[in-house]
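In what follows, a single structure is set out as structure tokens and then discussed.
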Amino acid sequence: MLSISSARKTLNLVPTVLKAGYATAVSKTGNGVKVAAFDESSPTASVSLVINAGARFEPQGKAGIAHFAKNFGFKNNGKRSAFRIARETELVGGVLTANLGRENVTFTAECLKEDVPYFVEVFGDLVAQTKFAEHEFHGVAHQVAAEASYAESSPEITVIEAAHNAAFRSGLGNSVYAAPYAEISTSDLKKFAADNFVANKIALVATGVSEAELKNLANSAFSDVAAGSEAKAQDAKYYGGDVRVAQNTEAGHVAVAFQGAAAGTPEFYTAQVLRSLLGGDRFVKWSTAGVSPLSAAAGKIGHGAQISAFNFGYSDAGLFGIYAQADHKNIAEAAKTAVASLKAASKSVSADEFKRALAQAKFETAARYETRAASTEILAAQAFQGQKVSASESLAAFDKVSAADVSKFAAKLLSSKPTTVVLGRTSELPYGDALF
């Protein structure tokens with residue numbers, strides 16, 4: 001068994017190890033496609049096409065079009081049919097996935113290293129030659145509807161989506177799931193792709209491949225992609241507000257959110273420490289409660305109550321908040337306790353609390369570099385920012401955060417207009433102003 005002191009020594013070694021093995025390089029192809037990669041001693045690789053065309057880039061009146069565009073990935077294009085892409089992927093043992101976020105849509109291939117050139121070529125064709133054929137539209141629309149239906153059935157997803165919409169209204173407030181009434185056509189999709197699937201809004205990122213090799217492959221595969229412009233989405237504006245979603249659920253759900261910090265900024269690192277300070281996660285298997293304020297509060301309430309903090313960071317804005325889930329008779333107490341914990345942090349943070357929160361924030365950041373999915377997000381962010389940020393540099397940013405900074409940030413959150421979302425039997429759920 002690893003002792004606490006040994007674990008601390010191991011953690012202290014993480015920055016050096018990651019800096020040596022995971023430093024990244026960022027460059028561009030001739031027409032502007034951004035390239036970022038780090039090589040690793042593994043027979044497998046992961047390569048992702050990341051396009052700055054997430055939900056916030058949807059044009060007025062076309063909400064949900066990014067969801068459709070995501071699901072049109074790997075369909076028929078000018079060089080290969082959807083069947084051929086699927087068949088060839090299976091023959092080389094590859095795995096294809098597509099994901100949509102508020103800022104980016106990402107297509108990923110996991111494969112053996114020697115098959116990376118094939119998948120980079122497929123990505124180039126996806127960008128430049130996808131047909132958005134009418135005969136494929138019905139199947140795509142059915143898949144979109146199924147994913148949206150699943151999201152609607154999840155209270156957690158529904159609450160977080162509603163919180164973003166109330167907080168930002170449009171742009172970052174756009175849902176990543178298309179509504180059932182979305183009116184999208186293939187001509188709309190072709191226009192969306194022409195405006196957004198352009199070189200200056202694309203990053204090709206990979207693990208297990210050298211940056212030089214990836215750039216050469218990208219220069220060839222994306223040579224026919226129009227350069228386009230790096231036109232950014234409208235600046236995010238925070239509004240705040242209250243949303244009440246009536247559902248006949250066993251548990252009540254409450255989220256209280258505030259204007260947060262943009263990813264990568266000094267305030268974002270402070271927000272990460274505050275999130276770890278408030279907590280809600282359990283770090284010991286079989287335990288019923290942790291030592292953080294929110295996990296301890298959930299343990300006292302019992303009956304399956306869960307309370308945790310969240311921190312979403314985007315390129316120019318953020319959303320920080322607290323999520324509570326409990327049976328309807330206890331949800332008001334859970335939500336009030338969560339807000340009280342944030343208020344307490346705004347007044348003072350003890351040395352021991354800060355030490356624990358800082359260590360957890362550092363560990364979670366370092367751990368993200370250990371998974372390919374998170375590494376892809378990190379590489380894409382670096383590519384769009386045009387600068388290298390190693391794990392050791394990210395961890396070093398936490399060392400500039402003080403306990404006073406955490407309290408000051410908590411106070412700043414509370415000074416902004418709150419965003420409150422409740423879901424469940426609304427007659428039994430608290431109103432936002434009753435939580436403060």
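In the structure tokens, chains take letters A, B, ... by order of appearance, with residues numbered from 1 within each chain and ligands from 1 in the order shown.
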
Counting only C-alpha atoms, which residues in stretch 46-122 of chain A sit no more than 9 Å from stretch 220-238 of chain A? For each one, give the nearest pair of atoms and the distance in Å, sorted by chain then residue number, as a tab-separated table.
```
residue	atom	partner	partner_atom	distance
A:Asn52	CA	A:Lys232	CA	8.9
A:Arg56	CA	A:Ala233	CA	6.9
A:Phe57	CA	A:Ala233	CA	5.9
A:Pro117	CA	A:Ala221	CA	8.9
A:Val120	CA	A:Ala221	CA	6.5
A:Glu121	CA	A:Ala221	CA	5.0
A:Val122	CA	A:Ala221	CA	8.1
```

Using only C-alpha atoms, find each residue in stretch 240-317 of chain A having at least one atom no more than 12 Å away from stretch 141-163 of chain A; report its shortest atom-to-atom pair and that distance in Å (one decimal), rows by chain then rising number, as a tab-separated table.
```
residue	atom	partner	partner_atom	distance
A:Gly240	CA	A:Ala163	CA	8.4
A:Gly241	CA	A:Ala163	CA	8.5
A:Asp242	CA	A:Ala163	CA	8.5
A:Val243	CA	A:Ala162	CA	7.1
A:Arg244	CA	A:Ala162	CA	9.2
A:Val245	CA	A:Val159	CA	8.3
A:Ala246	CA	A:Pro155	CA	10.7
A:Gln247	CA	A:Pro155	CA	8.9
A:Asn248	CA	A:Pro155	CA	10.7
A:Thr249	CA	A:Pro155	CA	8.5
A:Glu250	CA	A:Pro155	CA	10.7
A:Ala251	CA	A:Pro155	CA	9.4
A:Gly252	CA	A:Pro155	CA	9.1
A:His253	CA	A:Pro155	CA	7.4
A:Val254	CA	A:Val159	CA	7.8
A:Ala255	CA	A:Val159	CA	7.0
A:Val256	CA	A:Ala163	CA	8.2
A:Ala257	CA	A:Ala163	CA	7.3
A:Phe258	CA	A:Ala163	CA	9.6
A:Gln259	CA	A:Ala163	CA	11.1
A:Gln306	CA	A:Glu156	CA	11.7
A:Phe310	CA	A:Ile160	CA	10.0
A:Asn311	CA	A:Ile160	CA	11.3
A:Phe312	CA	A:Ile160	CA	10.4
```

Neighbour list for stretch 289-302 of chain A as a CSV table (one decimal) with N, CA, C and O atoms, in the first residue's frame, cut-off 10 Å, only C-alpha atoms, skip fewer than 6 positions in-chain:
```
chain,number,residue,atom,x,y,z
A,276,SER,N,-12.3,22.5,-6.0
A,276,SER,CA,-11.7,21.4,-5.2
A,276,SER,C,-12.0,21.6,-3.7
A,276,SER,O,-12.2,20.7,-3.0
A,277,LEU,N,-11.9,22.9,-3.3
A,277,LEU,CA,-12.1,23.2,-1.9
A,277,LEU,C,-13.5,22.9,-1.5
A,277,LEU,O,-13.8,22.2,-0.5
A,278,LEU,N,-14.5,23.3,-2.3
A,278,LEU,CA,-15.9,23.0,-2.0
A,278,LEU,C,-16.2,21.5,-2.2
A,278,LEU,O,-16.9,20.9,-1.4
A,279,GLY,N,-15.6,20.9,-3.2
A,279,GLY,CA,-15.6,19.4,-3.4
A,279,GLY,C,-16.9,18.8,-3.7
A,279,GLY,O,-17.7,19.4,-4.5
A,280,GLY,N,-17.2,17.7,-3.1
A,280,GLY,CA,-18.4,16.9,-3.4
A,280,GLY,C,-18.0,15.5,-3.9
A,280,GLY,O,-18.8,14.6,-3.9
A,281,ASP,N,-16.8,15.4,-4.3
A,281,ASP,CA,-16.3,14.1,-4.7
A,281,ASP,C,-15.8,13.2,-3.5
A,281,ASP,O,-15.3,13.8,-2.6
A,282,ARG,N,-15.9,11.9,-3.7
A,282,ARG,CA,-15.3,11.0,-2.7
A,282,ARG,C,-14.0,10.4,-3.2
A,282,ARG,O,-14.0,9.9,-4.3
A,283,PHE,N,-13.0,10.4,-2.4
A,283,PHE,CA,-11.7,10.0,-2.9
A,283,PHE,C,-11.3,8.7,-2.2
A,283,PHE,O,-10.2,8.1,-2.4
A,308,SER,N,-22.1,18.8,-5.3
A,308,SER,CA,-20.8,19.0,-5.9
A,308,SER,C,-20.6,20.4,-6.6
A,308,SER,O,-21.7,21.0,-6.9
A,309,ALA,N,-19.4,20.8,-6.8
A,309,ALA,CA,-19.1,22.1,-7.5
A,309,ALA,C,-18.7,21.8,-8.9
A,309,ALA,O,-18.1,20.7,-9.2
A,322,ILE,N,-22.7,25.2,-8.3
A,322,ILE,CA,-22.9,24.1,-7.4
A,322,ILE,C,-24.2,23.4,-7.8
A,322,ILE,O,-25.2,24.0,-8.2
A,323,TYR,N,-24.1,22.0,-7.8
A,323,TYR,CA,-25.2,21.2,-8.2
A,323,TYR,C,-25.6,20.3,-7.0
A,323,TYR,O,-24.7,19.7,-6.4
A,324,ALA,N,-26.9,20.3,-6.7
A,324,ALA,CA,-27.4,19.5,-5.6
A,324,ALA,C,-28.5,18.6,-6.1
A,324,ALA,O,-29.3,19.0,-6.9
A,325,GLN,N,-28.5,17.4,-5.6
A,325,GLN,CA,-29.5,16.4,-5.9
A,325,GLN,C,-29.9,15.7,-4.6
A,325,GLN,O,-29.0,15.2,-3.9
A,326,ALA,N,-31.2,15.7,-4.3
A,326,ALA,CA,-31.7,15.0,-3.1
A,326,ALA,C,-33.2,14.8,-3.2
A,326,ALA,O,-33.8,15.3,-4.2
A,327,ASP,N,-33.7,14.0,-2.3
A,327,ASP,CA,-35.2,13.8,-2.4
A,327,ASP,C,-35.8,15.2,-2.2
A,327,ASP,O,-35.3,16.1,-1.6
A,330,ASN,N,-35.6,17.2,1.1
A,330,ASN,CA,-34.3,17.6,1.5
A,330,ASN,C,-33.6,18.5,0.6
A,330,ASN,O,-32.5,19.0,0.9
A,331,ILE,N,-34.1,18.7,-0.7
A,331,ILE,CA,-33.3,19.4,-1.7
A,331,ILE,C,-33.1,20.9,-1.3
A,331,ILE,O,-32.0,21.4,-1.6
A,333,GLU,N,-32.7,22.1,1.7
A,333,GLU,CA,-31.6,22.1,2.7
A,333,GLU,C,-30.3,21.9,2.0
A,333,GLU,O,-29.3,22.6,2.3
A,334,ALA,N,-30.2,21.0,1.1
A,334,ALA,CA,-29.0,20.7,0.3
A,334,ALA,C,-28.5,21.9,-0.4
A,334,ALA,O,-27.3,22.2,-0.4
A,335,ALA,N,-29.4,22.6,-1.1
A,335,ALA,CA,-29.0,23.7,-1.9
A,335,ALA,C,-28.6,24.9,-1.1
A,335,ALA,O,-27.6,25.6,-1.4
A,337,THR,N,-27.3,24.7,1.9
A,337,THR,CA,-26.0,24.3,2.5
A,337,THR,C,-24.9,24.6,1.5
A,337,THR,O,-23.8,25.0,1.9
A,338,ALA,N,-25.2,24.3,0.3
A,338,ALA,CA,-24.2,24.5,-0.8
A,338,ALA,C,-23.8,26.0,-0.9
A,338,ALA,O,-22.7,26.4,-1.0
A,339,VAL,N,-24.9,26.8,-1.0
A,339,VAL,CA,-24.6,28.2,-1.1
A,339,VAL,C,-23.9,28.8,0.2
A,339,VAL,O,-23.0,29.6,0.1
A,340,ALA,N,-24.3,28.2,1.4
A,340,ALA,CA,-23.6,28.6,2.6
A,340,ALA,C,-22.2,28.3,2.6
A,340,ALA,O,-21.3,29.1,3.1
A,341,SER,N,-21.8,27.2,2.0
A,341,SER,CA,-20.4,26.8,1.9
A,341,SER,C,-19.6,27.8,1.0
A,341,SER,O,-18.5,28.1,1.3
A,342,LEU,N,-20.2,28.2,-0.1
A,342,LEU,CA,-19.6,29.2,-0.9
A,342,LEU,C,-19.4,30.5,-0.2
A,342,LEU,O,-18.4,31.2,-0.3
A,344,ALA,N,-19.1,30.9,3.0
A,344,ALA,CA,-18.1,30.7,4.0
A,344,ALA,C,-16.7,30.8,3.4
A,344,ALA,O,-15.8,31.4,3.9
A,345,ALA,N,-16.5,30.3,2.2
A,345,ALA,CA,-15.2,30.4,1.4
A,345,ALA,C,-14.9,31.8,1.1
A,345,ALA,O,-13.7,32.2,1.0
A,353,GLU,N,-7.4,23.7,4.6
A,353,GLU,CA,-8.4,23.6,3.5
A,353,GLU,C,-7.7,23.9,2.2
A,353,GLU,O,-7.9,23.3,1.2
A,356,ARG,N,-5.3,21.2,1.0
A,356,ARG,CA,-6.0,20.0,0.4
A,356,ARG,C,-6.5,20.4,-1.0
A,356,ARG,O,-6.4,19.6,-1.9
A,357,ALA,N,-7.2,21.5,-1.1
A,357,ALA,CA,-7.8,21.9,-2.4
A,357,ALA,C,-6.7,22.1,-3.5
A,357,ALA,O,-6.9,21.7,-4.6
```

Next item on the list: Please provide as a list in words all residues within 10 Å of A:Ser375, with the sequence filter that same-chain residues fewer than 5 positions apart are discarded (counting only C-alpha atoms).
Entry: Tyr22, Ala37, Phe38, Ser46, Val205, Ala206, Thr207, Ala367, Arg368, Tyr369, Glu370, Ala380 and Ala381 of chain A

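Each of A:Ile202, A:Val421, A:Ala133, A:Thr44 was compared to A:Val95 using only C-alpha atoms, and A:Thr44 turns out to be the nearest.
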
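Running DSSP on the backbone gives strand (DSSP E) for these residues within stretch 168-256 of chain A: A:Ile202, A:Ala203, A:Leu204, A:Val205, A:Ala206, A:Thr207, A:Gly241, A:Asp242, A:Val243, A:Arg244, A:Val245, A:Ala246, A:Ala251, A:Gly252, A:His253, A:Val254, A:Ala255, A:Val256.
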
Check: In terms of the shortest atom-to-atom distance over only C-alpha atoms, which of A:Lys329, A:Arg425, A:Ser407, A:Ile378 is closest to A:Ser390?
Finding: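 Nearest to A:Ser390: A:Ile378.
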
Notebook entry, point to check: Of the residues A:Ala45, A:Leu204, A:Ser27, A:Phe123, which is the one nearest to A:Arg372, using only C-alpha atoms?
Noted result: A:Ala45

Item checked: Distance of atom CA of A:Ile184 from atom CA of A:His138, expressed in Å to one decimal place -> 11.3 Å

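You will find atom CA of A:Val92 at 24.5 Å from atom CA of A:Val105.
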
Next item on the list: Kindly indicate which residue among A:Ala397, A:Ala317, A:Ala178, A:Leu379 lies nearest to A:Tyr269, using only C-alpha atoms for the distances.
Entry: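 Ranking A:Ala397, A:Ala317, A:Ala178, A:Leu379 by distance to A:Tyr269, first place goes to A:Ala397.
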
Notebook entry, point to check: Could you work out how far atom CA of A:Ala36 lies from atom CA of A:Leu91, giving the answer in Å with one decimal?
Noted result: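 Interatomic distance, atom CA of A:Leu91 to atom CA of A:Ala36: 27.2 Å.
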